[in-house]
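As stored in start13.txt (compact mmCIF, C-alpha atoms):
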# COMPACT_ATOMS: atom_id res chain seq x y z
CA MET A 1 0.00 0.00 0.00
CA PRO A 2 1.29 3.51 -0.75
CA GLU A 3 2.29 5.65 2.17
CA SER A 4 -0.31 8.11 3.45
CA ARG A 5 0.38 11.64 2.36
CA PRO A 6 0.06 14.77 4.46
CA ASP A 7 -2.88 17.11 4.05
CA ARG A 8 -1.69 19.91 1.79
CA THR A 9 -3.76 22.97 2.55
CA GLN A 10 -1.43 25.57 1.05
CA PRO A 11 -0.99 26.12 -2.71
CA PRO A 12 2.23 24.48 -3.96
CA VAL A 13 5.14 26.89 -4.30
CA ALA A 14 6.19 27.66 -7.88
CA SER A 15 9.81 28.54 -8.58
CA ASP A 16 11.00 31.28 -10.86
CA GLU A 17 11.80 30.23 -14.40
CA LEU A 18 15.33 28.87 -14.33
CA ARG A 19 17.89 27.72 -16.89
CA ALA A 20 19.82 24.47 -17.17
CA PRO A 21 22.81 23.94 -19.48
CA VAL A 22 22.40 20.43 -20.92
CA GLY A 23 25.35 20.22 -23.31
CA ASN A 24 26.13 21.03 -26.95
CA GLU A 25 25.40 24.71 -26.28
CA VAL A 26 21.78 23.90 -25.40
CA GLU A 27 20.09 25.49 -22.39
CA LEU A 28 16.63 24.50 -21.23
CA CYS A 29 14.25 26.83 -19.44
CA TYR A 30 12.40 25.08 -16.61
CA GLN A 31 10.20 25.68 -13.58
CA THR A 32 9.27 23.61 -10.54
CA PHE A 33 6.19 23.27 -8.33
CA GLY A 34 5.93 21.87 -4.84
CA ASP A 35 8.26 20.41 -2.25
CA PRO A 36 11.70 19.29 -3.52
CA ASP A 37 11.53 16.38 -1.06
CA ASP A 38 8.45 14.97 -2.80
CA ASP A 39 8.46 12.45 -5.64
CA PRO A 40 10.15 14.03 -8.69
CA LEU A 41 7.94 14.22 -11.76
CA LEU A 42 9.11 15.55 -15.13
CA LEU A 43 6.52 16.90 -17.58
CA VAL A 44 7.56 16.73 -21.24
CA MET A 45 5.60 18.82 -23.76
CA GLY A 46 4.86 18.12 -27.41
CA LEU A 47 5.54 19.70 -30.80
CA SER A 48 6.25 23.45 -30.65
CA GLY A 49 4.68 23.66 -27.21
CA PRO A 50 6.29 25.64 -24.40
CA MET A 51 6.17 24.33 -20.86
CA THR A 52 3.27 26.68 -20.13
CA TRP A 53 1.04 24.37 -22.16
CA TRP A 54 1.18 22.28 -19.01
CA ASP A 55 -1.45 24.42 -17.30
CA GLN A 56 -0.33 25.87 -13.97
CA VAL A 57 -3.48 24.58 -12.28
CA PHE A 58 -2.64 21.08 -13.53
CA CYS A 59 0.92 21.39 -12.20
CA GLU A 60 -0.40 22.56 -8.83
CA GLN A 61 -2.87 19.68 -8.66
CA LEU A 62 -0.07 17.20 -9.33
CA ALA A 63 2.11 18.85 -6.67
CA SER A 64 -0.74 18.68 -4.16
CA THR A 65 -0.71 14.87 -4.43
CA GLY A 66 2.94 14.61 -3.41
CA PHE A 67 4.93 15.32 -6.55
CA HIS A 68 7.78 17.78 -7.02
CA VAL A 69 6.78 18.83 -10.53
CA VAL A 70 9.27 20.01 -13.15
CA ARG A 71 8.10 21.41 -16.48
CA TYR A 72 10.43 22.67 -19.19
CA ASP A 73 10.69 24.06 -22.70
CA ASN A 74 12.16 21.58 -25.17
CA ARG A 75 14.98 22.83 -27.36
CA ASP A 76 13.56 24.99 -30.19
CA ALA A 77 10.53 25.95 -28.09
CA GLY A 78 9.68 28.71 -25.62
CA LYS A 79 12.69 30.21 -23.91
CA SER A 80 15.05 27.27 -24.46
CA SER A 81 17.89 27.33 -26.98
CA ARG A 82 17.32 27.50 -30.72
CA ILE A 83 19.39 25.05 -32.74
CA ALA A 84 21.63 26.56 -35.43
CA ALA A 85 20.75 24.14 -38.20
CA PRO A 86 18.78 24.71 -41.41
CA ALA A 87 15.36 23.13 -41.71
CA ARG A 88 13.26 23.45 -44.86
CA PRO A 89 9.55 22.66 -45.01
CA ASP A 90 10.08 20.69 -48.23
CA GLN A 91 12.08 18.18 -46.17
CA LEU A 92 8.87 17.38 -44.32
CA VAL A 93 7.20 16.04 -47.46
CA LYS A 94 9.98 13.48 -47.92
CA ALA A 95 9.90 12.60 -44.25
CA PHE A 96 6.12 12.13 -44.26
CA ALA A 97 6.39 9.87 -47.31
CA THR A 98 9.44 7.80 -46.40
CA GLY A 99 10.31 8.32 -42.73
CA ARG A 100 13.77 9.44 -43.84
CA ALA A 101 15.31 12.91 -44.02
CA ASN A 102 18.35 14.82 -42.82
CA ALA A 103 17.09 15.67 -39.33
CA PRO A 104 19.26 18.16 -37.39
CA TYR A 105 18.63 16.12 -34.23
CA THR A 106 16.89 12.93 -33.21
CA MET A 107 14.41 11.70 -30.64
CA SER A 108 17.42 10.32 -28.76
CA ASP A 109 18.89 13.84 -28.60
CA LEU A 110 15.64 15.19 -27.16
CA ALA A 111 15.60 12.34 -24.63
CA GLY A 112 19.19 13.22 -23.78
CA ASP A 113 18.08 16.76 -22.97
CA ALA A 114 15.56 15.40 -20.47
CA VAL A 115 18.18 13.19 -18.83
CA ALA A 116 20.65 16.09 -18.67
CA LEU A 117 17.97 18.21 -16.98
CA LEU A 118 17.58 15.48 -14.35
CA ASP A 119 21.36 15.57 -13.90
CA HIS A 120 21.25 19.34 -13.47
CA LEU A 121 18.57 18.94 -10.80
CA GLY A 122 20.56 16.25 -9.01
CA LEU A 123 17.89 13.61 -9.63
CA GLU A 124 18.91 10.01 -10.17
CA SER A 125 15.43 9.21 -11.51
CA ALA A 126 11.95 10.66 -11.88
CA HIS A 127 8.41 9.84 -12.88
CA LEU A 128 7.99 10.88 -16.52
CA VAL A 129 4.79 12.25 -18.06
CA GLY A 130 4.88 13.19 -21.74
CA VAL A 131 2.21 14.32 -24.18
CA SER A 132 2.38 13.81 -27.96
CA MET A 133 6.03 14.37 -28.96
CA GLY A 134 6.69 14.55 -25.23
CA GLY A 135 5.35 11.02 -24.92
CA MET A 136 7.78 9.92 -27.62
CA ILE A 137 10.63 11.62 -25.76
CA SER A 138 9.57 10.02 -22.46
CA GLN A 139 9.32 6.57 -24.05
CA THR A 140 12.79 7.06 -25.52
CA VAL A 141 14.20 8.01 -22.12
CA ALA A 142 12.62 4.86 -20.69
CA VAL A 143 14.13 2.51 -23.28
CA GLU A 144 17.53 4.21 -23.57
CA HIS A 145 18.01 5.29 -19.94
CA PRO A 146 15.80 2.87 -17.97
CA SER A 147 17.45 3.53 -14.61
CA ARG A 148 16.32 7.17 -14.79
CA VAL A 149 12.59 6.38 -14.98
CA ARG A 150 10.44 5.50 -11.95
CA SER A 151 7.17 5.36 -13.88
CA LEU A 152 6.05 6.33 -17.36
CA THR A 153 2.87 8.09 -18.47
CA SER A 154 2.42 8.53 -22.22
CA ILE A 155 -0.45 10.77 -23.33
CA SER A 156 -1.73 11.17 -26.90
CA SER A 157 1.41 9.58 -28.27
CA THR A 158 2.68 6.56 -30.19
CA THR A 159 5.49 4.03 -30.54
CA GLY A 160 7.17 5.42 -33.64
CA ARG A 161 5.76 2.63 -35.81
CA ARG A 162 4.47 4.24 -38.98
CA THR A 163 1.41 1.99 -39.25
CA VAL A 164 -0.12 3.31 -36.01
CA GLY A 165 -0.76 6.73 -34.53
CA TRP A 166 -1.19 8.40 -37.91
CA GLN A 167 -2.43 11.94 -38.51
CA HIS A 168 -5.82 12.59 -40.07
CA PRO A 169 -5.22 13.39 -43.76
CA SER A 170 -6.91 16.78 -43.40
CA LEU A 171 -4.07 17.96 -41.14
CA LEU A 172 -1.16 17.37 -43.50
CA PRO A 173 -1.56 20.58 -45.56
CA ARG A 174 -1.60 22.65 -42.36
CA LEU A 175 1.41 20.85 -40.89
CA ILE A 176 3.65 21.47 -43.90
CA ALA A 177 2.31 24.90 -44.90
CA PRO A 178 4.74 27.84 -44.60
CA ARG A 179 4.24 29.74 -41.36
CA ARG A 180 3.11 33.34 -41.72
CA ALA A 181 5.13 35.81 -39.73
CA GLY A 182 3.79 37.99 -36.92
CA ARG A 183 1.82 37.69 -33.73
CA ASP A 184 -1.65 38.04 -35.24
CA ALA A 185 -0.92 35.43 -37.90
CA TYR A 186 0.40 33.01 -35.30
CA VAL A 187 -2.66 33.47 -33.10
CA GLU A 188 -5.12 32.94 -35.94
CA THR A 189 -3.24 29.87 -37.23
CA SER A 190 -3.14 28.44 -33.72
CA LEU A 191 -6.87 28.95 -33.19
CA ALA A 192 -7.63 27.28 -36.52
CA MET A 193 -5.45 24.27 -35.69
CA TRP A 194 -6.88 23.75 -32.21
CA SER A 195 -10.39 23.95 -33.65
CA LEU A 196 -9.45 20.87 -35.71
CA ILE A 197 -7.54 18.82 -33.15
CA GLY A 198 -9.15 19.84 -29.86
CA SER A 199 -11.64 17.76 -27.90
CA ALA A 200 -15.13 17.95 -29.37
CA ALA A 201 -16.60 16.59 -26.15
CA TYR A 202 -14.68 19.14 -24.05
CA PRO A 203 -14.67 22.33 -26.13
CA SER A 204 -12.12 24.96 -25.18
CA ASP A 205 -13.06 28.50 -24.28
CA PRO A 206 -12.14 30.61 -27.34
CA ASP A 207 -10.86 33.47 -25.18
CA ALA A 208 -8.64 31.09 -23.23
CA LEU A 209 -7.26 29.64 -26.46
CA ARG A 210 -6.52 33.11 -27.79
CA THR A 211 -4.80 34.14 -24.59
CA ARG A 212 -2.69 30.99 -24.64
CA ALA A 213 -1.69 31.58 -28.26
CA GLU A 214 -0.71 35.18 -27.50
CA THR A 215 1.30 34.07 -24.48
CA THR A 216 2.99 31.36 -26.51
CA PHE A 217 4.04 33.81 -29.20
CA ASP A 218 5.30 36.31 -26.65
CA ARG A 219 7.27 33.54 -24.95
CA GLY A 220 9.04 32.76 -28.21
CA VAL A 221 8.16 30.70 -31.27
CA SER A 222 10.37 29.43 -34.07
CA ALA A 223 9.04 28.27 -37.44
CA SER A 224 12.32 26.56 -38.26
CA GLY A 225 12.37 25.04 -34.79
CA ALA A 226 8.96 23.50 -35.41
CA VAL A 227 10.28 21.96 -38.63
CA ARG A 228 13.31 20.55 -36.80
CA GLN A 229 11.10 19.00 -34.14
CA MET A 230 8.77 17.56 -36.79
CA LEU A 231 11.74 16.01 -38.59
CA ALA A 232 12.80 14.35 -35.34
CA ILE A 233 9.28 12.94 -35.00
CA LEU A 234 9.00 11.74 -38.58
CA THR A 235 12.41 10.05 -38.61
CA GLN A 236 12.17 8.39 -35.19
CA ASP A 237 12.77 4.67 -34.78
CA ASP A 238 10.03 2.17 -34.02
CA ARG A 239 10.34 1.59 -30.26
CA THR A 240 7.88 -1.32 -30.07
CA THR A 241 10.43 -4.07 -29.44
CA ARG A 242 12.37 -2.04 -26.87
CA LEU A 243 9.18 -1.01 -25.08
CA ARG A 244 8.54 -4.70 -24.42
CA SER A 245 11.68 -4.75 -22.25
CA LEU A 246 10.40 -2.08 -19.83
CA ARG A 247 9.82 -3.10 -16.23
CA VAL A 248 8.37 0.12 -14.81
CA PRO A 249 4.77 1.03 -14.02
CA ALA A 250 3.26 2.55 -17.14
CA LEU A 251 0.09 4.44 -17.99
CA VAL A 252 -1.15 5.28 -21.47
CA ILE A 253 -3.89 7.89 -21.92
CA HIS A 254 -5.42 8.60 -25.32
CA GLY A 255 -8.53 10.27 -26.68
CA THR A 256 -10.71 8.36 -29.09
CA ALA A 257 -11.23 11.54 -31.15
CA ASP A 258 -7.53 12.41 -31.55
CA LYS A 259 -6.88 13.57 -35.14
CA MET A 260 -3.21 14.43 -34.62
CA VAL A 261 -2.17 11.01 -33.27
CA HIS A 262 -4.73 8.29 -33.93
CA VAL A 263 -5.77 6.29 -30.88
CA SER A 264 -4.07 3.24 -32.43
CA GLY A 265 -0.80 4.83 -31.29
CA GLY A 266 -1.87 4.74 -27.67
CA ARG A 267 -3.28 1.24 -27.92
CA SER A 268 -0.05 -0.02 -29.50
CA THR A 269 2.03 1.68 -26.80
CA ALA A 270 0.02 0.04 -24.03
CA ALA A 271 0.15 -3.33 -25.77
CA ALA A 272 3.94 -3.13 -26.05
CA ILE A 273 4.73 -2.24 -22.41
CA PRO A 274 4.28 -5.15 -19.99
CA GLY A 275 1.59 -4.40 -17.42
CA ALA A 276 0.73 -0.96 -18.84
CA GLU A 277 -2.65 0.51 -18.00
CA LEU A 278 -4.57 1.92 -20.96
CA VAL A 279 -7.11 4.70 -20.38
CA THR A 280 -9.06 5.78 -23.47
CA ILE A 281 -11.32 8.79 -23.16
CA ASP A 282 -14.31 9.17 -25.47
CA GLY A 283 -14.48 12.54 -27.20
CA MET A 284 -11.00 13.66 -26.16
CA GLY A 285 -8.86 15.06 -28.95
CA HIS A 286 -5.22 16.14 -28.93
CA ASP A 287 -5.41 18.54 -26.01
CA LEU A 288 -5.58 18.39 -22.23
CA PRO A 289 -9.07 19.60 -21.29
CA PRO A 290 -9.31 21.16 -17.81
CA GLU A 291 -12.41 19.05 -17.17
CA LEU A 292 -10.11 16.00 -17.23
CA PHE A 293 -7.33 17.31 -14.99
CA GLY A 294 -8.67 15.34 -12.04
CA THR A 295 -8.79 12.15 -14.09
CA PHE A 296 -5.22 12.65 -15.31
CA VAL A 297 -3.83 13.51 -11.87
CA GLU A 298 -5.48 10.55 -10.16
CA ALA A 299 -4.21 8.13 -12.83
CA ILE A 300 -0.66 9.55 -12.78
CA ARG A 301 -0.54 9.35 -8.98
CA ARG A 302 -1.90 5.79 -9.07
CA THR A 303 0.77 4.77 -11.58
CA ALA A 304 3.58 6.40 -9.60
CA ASP A 305 2.43 4.66 -6.43
CA ARG A 306 2.87 1.31 -8.19
CA ALA A 307 6.60 2.11 -8.35
CA SER A 308 6.87 2.15 -4.57

Is it possible to give me this structure as structure tokens?
Amino acid sequence: MPESRPDRTQPPVASDELRAPVGNEVELCYQTFGDPDDDPLLLVMGLSGPMTWWDQVFCEQLASTGFHVVRYDNRDAGKSSRIAAPARPDQLVKAFATGRANAPYTMSDLAGDAVALLDHLGLESAHLVGVSMGGMISQTVAVEHPSRVRSLTSISSTTGRRTVGWQHPSLLPRLIAPRRAGRDAYVETSLAMWSLIGSAAYPSDPDALRTRAETTFDRGVSASGAVRQMLAILTQDDRTTRLRSLRVPALVIHGTADKMVHVSGGRSTAAAIPGAELVTIDGMGHDLPPELFGTFVEAIRRTADRAS
């Protein structure tokens, strides 16, 4: 049985935004929530998303259950380092078609960033929670650095196998289209995309979406960085065989209405990891609806408690 946890009546303390050098001239911007003596939990965001896409309320709810929560900007997102390497949108067409392209960095490199952040924080291991590309990164950490992972939660993600977790065909033109410059253009493009991939059963407040898009732009966006991240996704290896070797508690959450990563990706991930729990949510798309925060937090805590 898991240990009883103290009653936490005060809001978890949030740190300032901090910076961690992780090698190869890359610095990651990160922030923590809660008591450093609690169970370490690393949140890994998806494509082009800054750490603030992990809603602060969600982070506080996780911290209130006994986690020391760490969220961070991946390289080429938010306030973390931009990579000095060319990335052309036309490369994406080849990568979509063949799974091969000259990617400036790989999923293993992104997983290495996460491990280096744990090193910077003095953490031998942590519970990992990743969404979309962040789920791919977290899975890669688990198979390449298994001693660093206490439990694994993969949300709206896939194994890297090209026959599962595909995008809805209607999204491809938007994913490879040139990005228009400027704040207003970014906001309008973002709103249009989330209207396609968000949760129909849990519709987002339009004003909240607009505010998030404005905040994201102000935090820092990179069109070439998005291409570099997409190339890492499209050229990733199939992790299915290596996922079968995992011996950590695992949770897979996926929406049945996900157009960005088909639910087959989540089902295949859960099938590959021994003992993984699969939670499918009807009507959930490729976002993290606030109405489901409680469901996510309870399931993540339950999975982490299996590790102890």

**OP:** Using all atoms listed in the file, determine which residues lie at most 9 Å from segment 173-180 of chain A, disregarding the query and same-chain residues fewer than 6 positions distant; provide the list as a list in words.
**Re:** Pro89, Asp90, Leu92, Val93, Tyr186, Thr189, Met193, Ala223 and Val227 of chain A

**OP:** Could you jot down the atom CA of Ser156 of chain A to atom CA of Arg267 of chain A separation for me, Å, one decimal place?
**Re:**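 Atom CA of Arg267 of chain A lies 10.1 Å from atom CA of Ser156 of chain A.
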
**OP:** Kindly indicate which residue among A:Thr215, A:Gln91, A:Gln139, A:Thr240 lies nearest to Met51 of chain A, using only C-alpha atoms for the distances.
**Re:**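 The shortest atom-to-atom distance to Met51 of chain A comes from A:Thr215.
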
**OP:** Using all atoms listed in the file, find the one residue out of A:Ser81, A:Ser308, A:Ser268, A:Ser222 that sits nearest to Gly182 of chain A.
**Re:**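 Of A:Ser81, A:Ser308, A:Ser268, A:Ser222, the one nearest Gly182 of chain A, counting all atoms listed in the file, is A:Ser222.
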
Original post:
Taking into account only C-alpha atoms, which residue in the set A:Val115, A:Ala226, A:Ile233, A:Val131 is nearest to Arg162 of chain A?
Top reply: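 Between A:Val115, A:Ala226, A:Ile233, A:Val131, the residue approaching Arg162 of chain A most closely is A:Ile233.
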
**OP:** Name the residues in contact with Ala103 of chain A at a cut-off of 10 Å, using only C-alpha atoms, excluding same-chain residues fewer than 2 positions from it; report them as a ChimeraX atom specification.
**Re:** /A:85-87,91-92,95,100-101,105-107,227-236

Subject >> Shortest interatomic distance to Ala213 of chain A - which of A:Val279, A:Ala201, A:Trp53, A:Leu128, counting only C-alpha atoms >> reply: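 Answer, going by the shortest atom-to-atom distance: A:Trp53.
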